[in-house]
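Enquirer: This is the structure, below, for whatever I ask next.
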Amino acid sequence: MERVIEPSVALVTGAASGIGRATAHRLAEAGYVVAVIDIDGRGAEAVARTVDGRAFTADVADTEAVTQVVHEIETRLGPIGLAISNAGVYDEVPLGSVTDEHWQRMLRVHLGGAFNVCRAVVPPMRRRSTGSIVLVSSELALAGSPRASAYVAAKAALLGLGRSLARELAPTIRVNVVAPGPVDTPLLLDRERTPQAIGTIPMGRLGRPEEIGEAIVHLAIAQFTTGAVYSPNGGTVIQ
C-alpha cells in the first residue's frame, strides 16, 4: 500500500462496517489520520479503535450534523485532506410500491449525504488549495436494476455530482467516483450470495470490502485523476 507523503486527515462516512470500515483500515495503512463517521456511534467507536482514529456520530442526511462534525474534525484532528462519502442504505422496492418516504430517504442518504459532505469540506479545502473527494456509487448506477429504481436513481445521481464537481473544483480539489459491484458486505442480500447469482459474475466470486477500499484509496491519491468513475465489479459491467 502506497503511503501519503505526510500525515493528513481523512473523513469516511458509513465507516462502521463493510466498505467504509475496510476503507478506514486502508487509509490508516496509507498514513492518514482517520475520522470514522457513522450513524451507528458504537460501531464507529469500534472501528476507530482499530485504526487509531477518532469516531464521530452523524446522520449524513442531516445538513447541520454534517457541518458540525466537519468543524469538529478540523478542530480536533486538523485539516481534512480527503473526504470519502460512503454512507448508504439499500432496499429493493418495485416501482408500484415506492412511497414518497422511501424515495426521499434514498435521495437524502445517498445524494444528499454526499452533497452535505462536499459542501462542508470544500470551503476549507479551497482555502488551502488542496483536497481530494471520493464518492461511493454502485455498479447498478451503470447497469440499472429491475428491483431498486429509487436506490439506482440516487446512486446514478452521484455520477453527475462527482463529474460536475470535478470540473468546478479543478485543479486544486480532485473529485472521483467508485462504483462497486457485488461485494460481501451486510447490505448484500441472501439471494445475491447463492451459487446461481455468483455464477453470473465473470470473476466467479463476490468482491471483498478491502478490495474496494484499496480502489478508493488509489483514486484518492492519484494526483492526475479527477472526474473518473471506476467500477471494480468483477466483470458484471464491462464498458
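Labeling convention for the C-alpha cells: chains A, B, ... as they appear, residues from 1 per chain, ligands from 1 in order of appearance.
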Pick out the residues sitting within 9 Å of Arg26 in chain A, and hand them over as number ranges by chain; count only C-alpha atoms, and ignore anything fewer than 6 positions along from it in its own chain.

Expert: A: 1, 32, 210, 213-214, 217

Enquirer: May I have the residues within 9 Å of Trp103 in chain A as an mmCIF file with C-alpha atoms, in the first residue's frame, using only C-alpha atoms and disregarding those fewer than 6 positions away in the same chain?

Expert:
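Below you can see around-v2.cif, which holds the result:
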data_model
loop_
_atom_site.group_PDB
_atom_site.id
_atom_site.type_symbol
_atom_site.label_atom_id
_atom_site.label_comp_id
_atom_site.auth_asym_id
_atom_site.auth_seq_id
_atom_site.Cartn_x
_atom_site.Cartn_y
_atom_site.Cartn_z
ATOM 1 C CA ALA A 150 -35.071 4.597 -6.162
ATOM 2 C CA TYR A 151 -31.696 3.306 -4.997
ATOM 3 C CA ALA A 154 -29.849 8.103 -6.170
#

Enquirer: At a cut-off of 12 Å, can you tabulate as a Markdown table every residue of range 98-161 of chain A near range 36-40 of chain A together with its closest atom pair and the distance in Å to one decimal, using only C-alpha atoms and ordering rows by chain then number?

Expert:
| residue | atom | partner | partner_atom | distance |
| --- | --- | --- | --- | --- |
| A:Val109 | CA | A:Ile39 | CA | 11.1 |
| A:Gly113 | CA | A:Asp38 | CA | 11.6 |
| A:Val117 | CA | A:Ile37 | CA | 11.1 |

Enquirer: Go ahead and save the residues from that selection, with C-alpha atoms, as a tab-separated table (two decimals), in the first residue's frame.

Expert:
chain	number	residue	atom	x	y	z
A	109	VAL	CA	-28.98	9.47	2.33
A	113	GLY	CA	-25.35	12.82	2.16
A	117	VAL	CA	-20.17	16.25	2.87

Enquirer: Using only C-alpha atoms, pick whichever of A:Ser97, A:Gln68, A:Thr63, A:Ser138 has the shortest atom-to-atom distance to Gly112 in chain A.

Expert: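 So, comparing all the options, the nearest one is A:Thr63.
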
Enquirer: Need the shell around Pro124 in chain A: protein/DNA/RNA residues with any atom at most 9 Å away, counting only C-alpha atoms. Skip same-chain ones fewer than 5 positions apart. Format as a list of chain:residue names?

Expert: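 Skipping anything fewer than 5 positions along the chain leaves A:Pro79, A:Ile80, A:Ser129.
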
Enquirer: Write to file, as a PDB file, in the first residue's frame, the residues of the selection just made, with C-alpha atoms.

Expert:
ATOM      1  CA  PRO A  79      -7.276  19.957   8.185  1.00  0.00           C
ATOM      2  CA  ILE A  80      -9.250  17.390   6.198  1.00  0.00           C
ATOM      3  CA  SER A 129      -5.763  24.972  -2.334  1.00  0.00           C
TER       4      SER A 129
END

Enquirer: Have a look at A:Thr172, A:Thr57, A:Thr185, A:Gln223 and name the one nearest to Arg127 in chain A; count only C-alpha atoms.

Expert: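 Closest residue, counting only C-alpha atoms: A:Thr172.
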
Enquirer: Neighbours of range 163-165 of chain A within 9 Å (only C-alpha atoms; same-chain residues fewer than 3 positions away dropped), as a list in words?

Expert: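 Returned residues: Cys118, Leu158, Leu159, Gly160, Glu168, Leu169, Ala170, Ile173, Arg174, Val175, Asn176, Val177, Thr226, Gly227, Ala228 and Val229 of chain A.
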
Enquirer: Pick out the closest residue to Ile133 in chain A from this set: A:Val237, A:Gly53, A:Ile221, A:Tyr230. Count only C-alpha atoms.

Expert: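 Under the stated criterion, the closest residue is A:Ile221.
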
Enquirer: Got a sec: who's within 7 Å of Pro180 in chain A, counting only C-alpha atoms, leaving out chain neighbours fewer than 3 positions off, as an MDAnalysis selection string?

Expert: chainID A and resid 137:139 212 231:233

Enquirer: Could you save the residues just selected, with C-alpha atoms, as an mmCIF file, in the first residue's frame?

Expert:
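Saved file result07.cif follows:
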data_model
loop_
_atom_site.group_PDB
_atom_site.id
_atom_site.type_symbol
_atom_site.label_atom_id
_atom_site.label_comp_id
_atom_site.auth_asym_id
_atom_site.auth_seq_id
_atom_site.Cartn_x
_atom_site.Cartn_y
_atom_site.Cartn_z
ATOM 1 C CA SER A 137 -21.810 4.946 -6.016
ATOM 2 C CA SER A 138 -22.731 1.477 -7.324
ATOM 3 C CA GLU A 139 -22.393 -0.662 -10.452
ATOM 4 C CA ILE A 212 -12.990 -1.746 -2.786
ATOM 5 C CA SER A 231 -16.148 0.375 -11.181
ATOM 6 C CA PRO A 232 -14.433 -2.634 -9.559
ATOM 7 C CA ASN A 233 -17.251 -5.107 -10.224
#

Enquirer: Using only C-alpha atoms, which residues sit within 9 Å of Leu95 in chain A once same-chain residues fewer than 5 positions away are excluded, as number ranges by chain?

Expert: A: 146-150

Enquirer: Print the selection's residues with C-alpha atoms to a file, as a CSV table (one decimal), in the first residue's frame.

Expert:
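Contents of out_6.csv, freshly written:
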chain,number,residue,atom,x,y,z
A,146,PRO,CA,-35.5,-4.1,-12.0
A,147,ARG,CA,-36.0,-4.1,-8.3
A,148,ALA,CA,-34.5,-0.9,-6.9
A,149,SER,CA,-35.3,2.1,-9.0
A,150,ALA,CA,-35.1,4.6,-6.2

Enquirer: Run DSSP on the backbone of this structure and report the residues of range 51-135 of chain A it assigns to strand (DSSP E), as a list of chain:residue names.

Expert: A:Arg54, A:Ala55, A:Phe56, A:Thr57, A:Ile80, A:Gly81, A:Leu82, A:Ala83, A:Ile84, A:Ser85, A:Gly131, A:Ser132, A:Ile133, A:Val134, A:Leu135

Enquirer: Take the residues from that selection and put them in a file with C-alpha atoms, as a PDB file, in the first residue's frame.

Expert:
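The new file out-v1.pdb reads:
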ATOM      1  CA  ARG A  54     -11.414   9.146  16.059  1.00  0.00           C
ATOM      2  CA  ALA A  55     -15.107   8.301  15.948  1.00  0.00           C
ATOM      3  CA  PHE A  56     -17.894  10.760  15.206  1.00  0.00           C
ATOM      4  CA  THR A  57     -21.639  10.129  15.141  1.00  0.00           C
ATOM      5  CA  ILE A  80      -9.250  17.390   6.198  1.00  0.00           C
ATOM      6  CA  GLY A  81      -7.243  16.441   3.126  1.00  0.00           C
ATOM      7  CA  LEU A  82      -9.529  13.664   1.950  1.00  0.00           C
ATOM      8  CA  ALA A  83     -13.280  13.041   2.209  1.00  0.00           C
ATOM      9  CA  ILE A  84     -14.886   9.691   1.372  1.00  0.00           C
ATOM     10  CA  SER A  85     -18.687   9.797   1.060  1.00  0.00           C
ATOM     11  CA  GLY A 131      -8.025  18.298  -1.336  1.00  0.00           C
ATOM     12  CA  SER A 132      -9.468  15.053  -2.630  1.00  0.00           C
ATOM     13  CA  ILE A 133     -13.037  13.704  -2.548  1.00  0.00           C
ATOM     14  CA  VAL A 134     -14.274  10.228  -3.453  1.00  0.00           C
ATOM     15  CA  LEU A 135     -17.973   9.444  -3.762  1.00  0.00           C
TER      16      LEU A 135
END

Enquirer: Going by DSSP on the backbone, which bits of range 194-224 of chain A are alpha helix (DSSP H)? Write them as a count of residues only, please.

Expert: 17

Enquirer: What gap, in Å, lies between CA of His25 in chain A and CA of Val51 in chain A?

Expert: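 Taking CA of His25 in chain A and CA of Val51 in chain A, their separation equals 5.9 Å.
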
Enquirer: Give the answer as one residue: which of A:Asn86, A:Thr50, A:Thr225, A:Thr194 has the shortest atom-to-atom distance to Lys155 in chain A, using only C-alpha atoms?

Expert: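 Checking each of A:Asn86, A:Thr50, A:Thr225, A:Thr194 against Lys155 in chain A, counting only C-alpha atoms, the winner is A:Asn86.
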
Enquirer: Contacts between range 9-16 of chain A and range 47-66 of chain A, please, where a residue of range 47-66 of chain A counts if it comes within 9 Å (with only C-alpha atoms); show its shortest atom pair and distance in Å to one decimal, rows by chain and ascending number, as a Markdown table.

Expert:
| residue | atom | partner | partner_atom | distance |
| --- | --- | --- | --- | --- |
| A:Val47 | CA | A:Ala16 | CA | 6.1 |
| A:Ala48 | CA | A:Ala16 | CA | 8.7 |
| A:Ala58 | CA | A:Thr13 | CA | 8.7 |
| A:Val60 | CA | A:Thr13 | CA | 7.6 |

Enquirer: Residues as selected, N, CA and C atoms, written as an mmCIF file, in the first residue's frame, can you do that?

Expert:
data_model
loop_
_atom_site.group_PDB
_atom_site.id
_atom_site.type_symbol
_atom_site.label_atom_id
_atom_site.label_comp_id
_atom_site.auth_asym_id
_atom_site.auth_seq_id
_atom_site.Cartn_x
_atom_site.Cartn_y
_atom_site.Cartn_z
ATOM 1 N N VAL A 47 -14.472 0.731 15.166
ATOM 2 C CA VAL A 47 -13.562 0.853 14.033
ATOM 3 C C VAL A 47 -12.449 1.844 14.342
ATOM 4 N N ALA A 48 -12.792 2.965 14.952
ATOM 5 C CA ALA A 48 -11.792 3.985 15.268
ATOM 6 C C ALA A 48 -10.678 3.425 16.141
ATOM 7 N N ALA A 58 -22.932 10.849 13.227
ATOM 8 C CA ALA A 58 -23.711 11.818 12.450
ATOM 9 C C ALA A 58 -24.564 11.094 11.420
ATOM 10 N N VAL A 60 -25.707 11.483 7.795
ATOM 11 C CA VAL A 60 -25.251 12.287 6.655
ATOM 12 C C VAL A 60 -26.383 13.024 5.966
#

Enquirer: Record the distance separating CA of Ser8 in chain A and CA of Ile73 in chain A, expressed in Å with one decimal.

Expert: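 Going from CA of Ser8 in chain A over to CA of Ile73 in chain A covers 11.9 Å.
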